[in-house]
$ cat run_20.tsv   # TSV, C-alpha atoms and all ligand atoms
chain	number	residue	atom	x	y	z
A	1	MET	CA	229.42	191.93	130.18
A	2	LEU	CA	232.28	193.95	131.55
A	3	VAL	CA	234.50	190.97	132.00
A	4	HIS	CA	233.75	189.75	128.56
A	5	THR	CA	234.49	193.10	126.97
A	6	THR	CA	237.73	193.36	128.80
A	7	LYS	CA	238.89	190.01	127.58
A	8	THR	CA	237.94	190.84	124.06
A	9	THR	CA	239.92	194.03	124.25
A	10	ASN	CA	242.96	192.24	125.44
A	11	SER	CA	242.89	189.70	122.68
A	12	THR	CA	242.20	192.13	119.89
A	13	SER	CA	244.56	194.80	121.01
A	14	GLN	CA	247.41	192.94	119.46
A	15	ILE	CA	245.88	193.33	116.07
A	16	GLY	CA	246.59	196.97	116.37
A	17	PRO	CA	245.09	200.36	116.78
A	18	LEU	CA	244.13	200.58	113.11
A	19	ARG	CA	241.19	198.29	113.62
A	20	ALA	CA	240.00	200.18	116.62
A	21	VAL	CA	239.21	203.22	114.55
A	22	GLY	CA	236.45	201.51	112.67
A	23	ALA	CA	235.58	198.80	115.08
A	24	GLY	CA	233.88	201.01	117.56
A	25	ALA	CA	234.56	203.19	120.53
A	26	GLY	CA	233.30	200.49	122.86
A	27	ARG	CA	236.51	198.65	122.98
A	28	LEU	CA	238.54	201.77	123.37
A	29	THR	CA	236.40	202.89	126.26
A	30	SER	CA	236.54	199.68	128.17
A	31	SER	CA	240.24	199.52	127.63
A	32	ALA	CA	240.64	203.03	128.93
A	33	VAL	CA	238.52	202.31	131.97
A	34	THR	CA	240.44	199.25	133.01
A	35	GLY	CA	243.60	201.19	132.48
A	36	GLN	CA	242.46	203.92	134.84
A	37	GLU	CA	241.40	201.46	137.45
A	38	GLY	CA	244.84	200.02	137.31
A	39	ASN	CA	246.39	203.43	137.78
A	40	LEU	CA	244.12	204.24	140.67
A	41	ARG	CA	245.13	201.08	142.40
A	42	THR	CA	248.76	201.94	141.90
A	43	ILE	CA	248.19	205.41	143.30
A	44	LYS	CA	246.42	204.05	146.36
A	45	VAL	CA	249.24	201.67	147.10
A	46	ALA	CA	251.77	204.44	146.63
A	47	ALA	CA	249.85	206.73	148.94
A	48	ALA	CA	249.65	204.10	151.64
A	49	THR	CA	253.34	203.51	151.38
A	50	ALA	CA	254.07	207.22	151.60
A	51	LEU	CA	251.96	207.47	154.74
A	52	LEU	CA	253.89	204.65	156.32
A	53	VAL	CA	257.16	206.33	155.52
A	54	LEU	CA	255.88	209.59	156.93
A	55	ALA	CA	254.72	208.00	160.13
A	56	THR	CA	258.05	206.33	160.57
A	57	ALA	CA	260.00	209.46	159.82
A	58	CYS	CA	258.07	211.48	162.35
A	59	GLY	CA	258.06	208.82	164.98
A	60	ASP	CA	261.21	209.81	166.78
A	61	ASP	CA	260.30	213.30	167.84
A	62	SER	CA	261.79	213.61	171.25
A	63	GLY	CA	258.77	215.45	172.54
A	64	ASP	CA	260.85	218.15	174.10
A	65	ASP	CA	258.60	220.45	175.96
A	66	ALA	CA	259.59	224.03	175.60
A	67	ALA	CA	260.56	225.32	178.97
A	68	GLY	CA	258.14	227.80	180.35
A	69	ASP	CA	260.50	230.71	180.60
A	70	GLY	CA	261.25	232.79	177.59
A	71	GLU	CA	264.97	232.33	177.71
A	72	GLY	CA	265.90	228.72	177.86
A	73	GLY	CA	262.90	227.83	175.80
A	74	ALA	CA	264.57	226.88	172.58
A	75	ALA	CA	263.94	223.22	173.13
A	76	ALA	CA	263.90	222.18	169.51
A	77	THR	CA	267.37	222.49	168.12
A	78	SER	CA	267.31	220.47	164.96
A	79	ALA	CA	263.82	219.18	164.28
A	80	PRO	CA	261.86	220.89	161.52
A	81	ALA	CA	259.29	223.25	162.90
A	82	VAL	CA	256.23	221.34	161.77
A	83	THR	CA	255.50	217.84	163.01
A	84	GLU	CA	253.00	215.45	161.47
A	85	PRO	CA	250.61	217.14	159.09
A	86	ALA	CA	247.96	214.54	159.72
A	87	VAL	CA	245.72	215.88	162.49
A	88	THR	CA	244.35	219.36	162.17
A	89	TYR	CA	241.69	221.25	164.07
A	90	PRO	CA	239.44	224.03	162.81
A	91	PRO	CA	239.86	227.64	163.89
A	92	ASN	CA	238.49	228.11	167.41
A	93	GLY	CA	238.03	231.87	167.31
A	94	GLU	CA	240.73	232.55	169.88
A	95	VAL	CA	243.52	235.01	169.27
A	96	ALA	CA	246.86	235.21	171.04
A	97	GLU	CA	249.43	237.92	170.47
A	98	VAL	CA	253.18	237.88	170.10
A	99	LEU	CA	254.84	241.26	170.24
A	100	SER	CA	257.85	241.84	168.11
A	101	ILE	CA	259.94	244.56	169.71
A	102	ASP	CA	263.56	245.63	169.15
A	103	ASN	CA	264.82	242.96	169.16
A	104	THR	CA	262.83	240.29	170.94
A	105	PHE	CA	259.64	238.32	170.57
A	106	LEU	CA	257.32	238.47	173.57
A	107	PRO	CA	256.51	235.98	174.86
A	108	GLY	CA	259.43	233.92	173.68
A	109	VAL	CA	257.37	230.78	174.06
A	110	LEU	CA	253.66	230.97	173.42
A	111	THR	CA	251.47	227.96	174.12
A	112	VAL	CA	248.07	227.77	172.44
A	113	ALA	CA	245.46	225.17	171.64
A	114	ALA	CA	245.28	224.03	168.04
A	115	GLY	CA	242.91	226.26	166.11
A	116	THR	CA	244.12	229.46	167.74
A	117	GLU	CA	245.06	232.44	165.65
A	118	VAL	CA	248.43	233.87	166.60
A	119	LYS	CA	248.81	237.52	165.81
A	120	PHE	CA	252.34	238.86	165.51
A	121	VAL	CA	252.55	242.60	166.02
A	122	ASN	CA	255.61	244.64	165.13
A	123	ASN	CA	255.71	246.97	168.10
A	124	GLY	CA	259.29	247.96	167.49
A	125	ARG	CA	260.76	250.72	165.42
A	126	ASN	CA	262.73	248.41	163.17
A	127	ASP	CA	261.72	246.09	160.42
A	128	HIS	CA	261.55	242.50	161.54
A	129	ASN	CA	260.39	239.23	160.09
A	130	VAL	CA	258.92	236.01	161.38
A	131	VAL	CA	260.59	233.07	159.66
A	132	PRO	CA	259.90	229.45	160.56
A	133	GLU	CA	263.01	227.41	161.18
A	134	GLY	CA	263.97	225.70	157.95
A	135	ASP	CA	261.62	227.75	155.79
A	136	LEU	CA	263.40	230.91	154.72
A	137	ASP	CA	260.77	231.54	152.05
A	138	VAL	CA	258.00	231.48	154.65
A	139	SER	CA	256.19	229.03	152.39
A	140	THR	CA	254.50	227.29	155.30
A	141	TRP	CA	253.71	230.33	157.42
A	142	GLY	CA	255.42	233.49	158.54
A	143	VAL	CA	256.08	236.92	157.12
A	144	LEU	CA	259.10	238.64	155.63
A	145	GLU	CA	260.16	242.16	156.54
A	146	ASP	CA	258.45	243.64	153.50
A	147	GLY	CA	255.16	242.80	155.14
A	148	PHE	CA	256.19	243.44	158.71
A	149	HIS	CA	257.24	247.05	159.11
A	150	GLN	CA	256.66	249.05	162.26
A	151	GLY	CA	253.02	248.75	163.27
A	152	ASP	CA	252.27	245.86	160.92
A	153	THR	CA	250.59	242.68	162.03
A	154	TYR	CA	250.71	239.17	160.72
A	155	SER	CA	248.25	236.47	161.74
A	156	TYR	CA	248.28	232.74	161.28
A	157	VAL	CA	245.94	230.08	162.60
A	158	PHE	CA	247.88	227.09	163.92
A	159	THR	CA	245.67	224.10	163.24
A	160	THR	CA	248.15	221.29	163.81
A	161	PRO	CA	249.65	220.45	167.20
A	162	GLY	CA	253.41	220.73	167.37
A	163	THR	CA	256.23	223.06	168.24
A	164	TYR	CA	256.84	225.82	165.74
A	165	VAL	CA	260.24	227.44	166.09
A	166	TYR	CA	260.71	230.75	164.31
A	167	TYR	CA	263.08	233.67	164.36
A	168	CYS	CA	263.84	237.03	162.86
A	169	THR	CA	266.57	236.50	160.29
A	170	ILE	CA	267.67	240.12	160.63
A	171	HIS	CA	268.30	239.93	164.36
A	172	GLY	CA	268.84	236.32	165.24
A	173	THR	CA	268.92	232.66	164.44
A	174	SER	CA	266.62	229.88	165.55
A	175	THR	CA	268.59	229.61	168.81
A	176	VAL	CA	270.19	232.99	169.38
A	177	GLY	CA	268.93	236.53	169.56
A	178	MET	CA	265.48	237.26	168.22
A	179	PHE	CA	263.72	233.91	168.16
A	180	GLY	CA	260.70	232.24	169.64
A	181	SER	CA	258.36	229.33	169.39
A	182	VAL	CA	254.68	228.62	169.30
A	183	VAL	CA	253.71	225.43	171.08
A	184	VAL	CA	250.42	224.17	169.72
A	185	THR	CA	248.67	221.63	171.91
A	186	GLU	CA	245.74	219.31	171.33
A	187	PRO	CA	242.51	221.20	172.02
A	201	CU	CU	264.18	241.54	163.94
$ encode --input "run_20.tsv" --output "structure tokens"
Amino acid sequence: MLVHTTKTTNSTSQIGPLRAVGAGAGRLTSSAVTGQEGNLRTIKVAAATALLVLATACGDDSGDDAAGDGEGGAAATSAPAVTEPAVTYPPNGEVAEVLSIDNTFLPGVLTVAAGTEVKFVNNGRNDHNVVPEGDLDVSTWGVLEDGFHQGDTYSYVFTTPGTYVYYCTIHGTSTVGMFGSVVVTEP
């Protein structure tokens, strides 16, 4: 029945849309359905392709481990802060703190399991911010100085393993001055 209807639609569609008005919604519907199926298929193929590209693009992460000390720890120099978005883990109820003082983050390198909430506390007297490398608008995570005055806190649950480099744009860059990183490991 479906196949038959589809064929009919194809052959009559050349006659024009005028006929379709009177001839019944049936043809229009089946035509619309096959059209959507076609689109869906296209979308699926496109999505698969995009995934492939993503996987390839992310494949060359050098896997630098951030050195354990707070000073030489800026392992990632150029890579965007967030690695593959694919694998995420739910919140695990744990909380780890990073103190923002004048003008340093402590600890400079924080290592947590994926799912951990990291709580940044402005323990200094100055305004600071927490800006992910390559994301000045803090669209992925982070907080600007308007929301991070003295005594303010900012929390974010890191659900995806990776190395997240951040810095205070007022007092540093991603490699100099007031910067740090959160290393998120597989649980
Ligand atoms: Cu600062």
$ closest_atom_pairs --input "run_20.tsv" --of "chain A" --to "ligand CU 201 (chain A)" --cutoff "8 Å" --atoms "all atoms listed in the file" --output "CSV"
residue,atom,partner,partner_atom,distance
A:Ser100,CA,A:CU201,CU,7.6
A:Ile101,CA,A:CU201,CU,7.8
A:Asp102,CA,A:CU201,CU,6.7
A:Asn103,CA,A:CU201,CU,5.4
A:Thr104,CA,A:CU201,CU,7.2
A:Asn126,CA,A:CU201,CU,7.1
A:Asp127,CA,A:CU201,CU,6.3
A:His128,CA,A:CU201,CU,3.7
A:Asn129,CA,A:CU201,CU,5.9
A:Tyr167,CA,A:CU201,CU,8.0
A:Cys168,CA,A:CU201,CU,4.6
A:Thr169,CA,A:CU201,CU,6.7
A:Ile170,CA,A:CU201,CU,5.0
A:His171,CA,A:CU201,CU,4.4
A:Gly172,CA,A:CU201,CU,7.1
A:Met178,CA,A:CU201,CU,6.2
$ closest_residue --input "run_20.tsv" --among "A:Pro90, A:Gly124, A:Gly142, A:Pro132" --to "Ser181 (chain A)" --atoms "all atoms listed in the file"
A:Pro132
$ closest_residue --input "run_20.tsv" --among "A:Asn122, A:Ser174, A:Thr185, A:Ser155" --to "Ala96 (chain A)" --atoms "only C-alpha atoms"
A:Ser155
$ atom_distance --input "run_20.tsv" --atom1 "CA of Val95 (chain A)" --atom2 "CA of Asp137 (chain A)"
24.6 Å
$ atom_distance --input "run_20.tsv" --atom1 "CA of Thr88 (chain A)" --atom2 "CA of Thr153 (chain A)"
24.1 Å
